[in-house]
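Report on the structure given below.
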Amino acid sequence: MKLLFNARIYTQDPARPLASAILIDRERILAAGEKDELLRMSDGRLEQEDLRGRTIWPGLTDAHLHFKSYSLNLEKIDCETNTLDECLQRISQRVGKAIPGEWILGHGWNQNDWNIPPPHRRSPDGEGPGVGSGVGWPTASDLDRIAPNHPVYLTAKSLHAAWVNSAALRLGGVGAGTPDPQNGRLQRDASGGPTGVLLEYAMNLVADKIPAPHPDRIAEAMEKAQPVLWRMGLTGLHDFDRRDSFVALQALHAQGKLKLRVTKNIPVESLEHAAEIGLRTGFGDDRLRIGSVKAFMDGALGPQTAAMIQPYIGDPDNRGILNMDAEQLFEHGRRAADAGLGMTVHAIGDRANHEVLNAYEQLRGYEKQQGLPHLRHRIEHVQVLHPDDTARLAQLNVVASMQPIHATSDMLAADRFWGERSVLAYAWRTQLNHGAKLAFGSDAPVESPNPFLGLHAAHTRRRADGSPGPEGWYPEQKLTLAEALEAYSLGPAYAAYAENRLGRLAPGYLADLIVLEQDPFACDPDDLLKMESAATLIGGEWVLKSI
Ligand SMILES: [Zn+2]
């Protein structure tokens, strides 16, 4: 048994919210309370540890993370730079070290940060400076100058666009005569040729040519990523990557090396197979279990592909891309519900969210009519809602899976492209007030998975640099730190049907906790930005310890 004492322990257990000691028996918590009382409960073989006044929180969970991409991305070129030139310099350095013909991979650029002047790539007459024209975006020729012989594939920070060079376009067979694929778009120059930016499903034209890393490689990258996440305070995640990620996670688990609690979502394309073999939500164990079926309703704000009821400001013909309507989504949901699988659907724009809610309303009726279990369906992102839809998640008991850091990262783009609609953008306070369950995450590698950055954003609605000002962006949407903490712990546990064993430091719960040098509840909110776990315990085992 382990006894941690002389700590400030926030348990999230309503029966005992604060404690100074915690007693752990193998992988579970026996009790939280005061040292003397716990000593009486312990057996002879007791490991005692004085935490010298440090703070203990329940381990945090990221409810939306792409674990394979995140892990592999740790090895890619970081394209999140202030200028285009800076990004090109980094690429050029990598090209210098690459073997001939090797793919050059990078991630994280955002053309909105770069202010690229338009002179040499003016759009054809009549076309506005919209997403299709490529004005203000980087091009293949920018890359050709530094990488004429290596194919280059760089994903945007949003992951909804890719910037490639001519060598990559050639390998993908993409030229002036290539039509836009379904749910995708090639940016084109005045003569109709590809500029080098591929949007949404058009990304696959080139991405499909990149040799896939072997699952063993992915597992290795994941193993290296785990300590990075423990240090950030994460003890669990909900994974939104696909088959390769699942295979790698199982390999890690089989070797006893998976030291995070992972809820694995499965892509809607695999729904039939999953149903056929009888896979259900909840199958697995406390380390790795099946979550829900993931579908995509639309794109994202950055590339202006999120499906909107009204057009984007400054681009009157663009209402984004809607992948399917409510009826089609309901058909997937019905099939999933019949098989005992929940749904989790990506929806950013107000139109996309509206369609998902319509589908879920129909699905709730179906579940009831068929006597099926009431599953914990979710919406991923819930980025902007129409005023008529704000109460519907709570009414339908749909989990609002949101990413606080998106609000502060995207606030300028939201103001610019959505204008006044932003009053209901990233509106977690509105969701909480209506009674919806919040599950917070990062969508890493879209953003850093550091939950303390998310806690800061949820609590202050400010960026790390203090912008847009002390009050924050739409400050009425701020959460208290306690509410935000719950959305990073009990919320994801609820979404994973695990609230009876995860998210609290209470008797019978799994012993997942983090040790902090400072008490987040007692310090300046901006101190959250520098916080990290000094020690992380998962299932009663110290996976990280620097105290
Ligand atoms: Zn995602």
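All residue names refer to the structure tokens as shown: chains lettered A, B, ... in order, residues numbered from 1 in each chain, ligands numbered from 1 in order.
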
**Request:** Please return as number ranges by chain: the residues of segment 448-541 of chain A that backbone DSSP assigns to helix (DSSP H, G or I).
**Result:** A: 451-460, 475-477, 481-487, 490-495, 520-522, 525-530

**Message:** At a cut-off of 9 Å, using only C-alpha atoms, what residues contact Ala300 of chain A? Leave out same-chain residues fewer than 4 positions from it and give the result as an MDAnalysis selection string.
**Reply:** chainID A and resid 158:160 304:307 320 347:349

Grab the residues selected above and save them as a CSV table (one decimal), in the first residue's frame with C-alpha atoms.
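Heads up, here's the output in again-v4.csv:
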chain,number,residue,atom,x,y,z
A,158,SER,CA,-6.4,22.6,-38.7
A,159,LEU,CA,-5.5,19.3,-40.4
A,160,HIS,CA,-8.2,20.3,-43.0
A,304,GLN,CA,-13.5,28.1,-44.2
A,305,THR,CA,-14.9,24.7,-44.9
A,306,ALA,CA,-17.1,24.4,-41.7
A,307,ALA,CA,-20.7,24.1,-42.8
A,320,GLY,CA,-18.5,25.6,-46.2
A,347,ALA,CA,-19.4,19.3,-36.2
A,348,ILE,CA,-17.9,22.8,-36.4
A,349,GLY,CA,-20.3,25.1,-38.2

Neighbourhood of ligand 1 at 8 Å, counting only C-alpha atoms and all ligand atoms, reported as a PDB file with C-alpha atoms, in the first residue's frame:
ATOM      1  CA  HIS A  64     -10.215  14.449 -28.177  1.00  0.00           C
ATOM      2  CA  LEU A  65      -6.736  13.601 -29.291  1.00  0.00           C
ATOM      3  CA  HIS A  66      -5.181  12.017 -32.377  1.00  0.00           C
ATOM      4  CA  PHE A 240      -9.668   9.776 -32.758  1.00  0.00           C
ATOM      5  CA  HIS A 346     -17.362  16.164 -35.767  1.00  0.00           C
ATOM      6  CA  GLU A 380     -16.940  16.926 -31.321  1.00  0.00           C
ATOM      7  CA  ASP A 443      -7.635  17.878 -30.825  1.00  0.00           C
ATOM      8  CA  ALA A 444      -3.835  17.459 -30.714  1.00  0.00           C
ATOM      9  CA  VAL A 446      -4.139  20.564 -34.009  1.00  0.00           C
TER      10      VAL A 446
END

**Request:** From a DSSP pass on the backbone, collect the residues of segment 279-522 of chain A flagged as strand (DSSP E or B) and hand them back as a PyMOL selection string.
**Result:** chain A and resi 284+288-296+298+312+315+322+342-347+378-381+384+399-402+425+438-440+444+510+513-516

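Here atom CA of Arg26 of chain A and atom CA of Pro449 of chain A stand 28.5 Å from one another.
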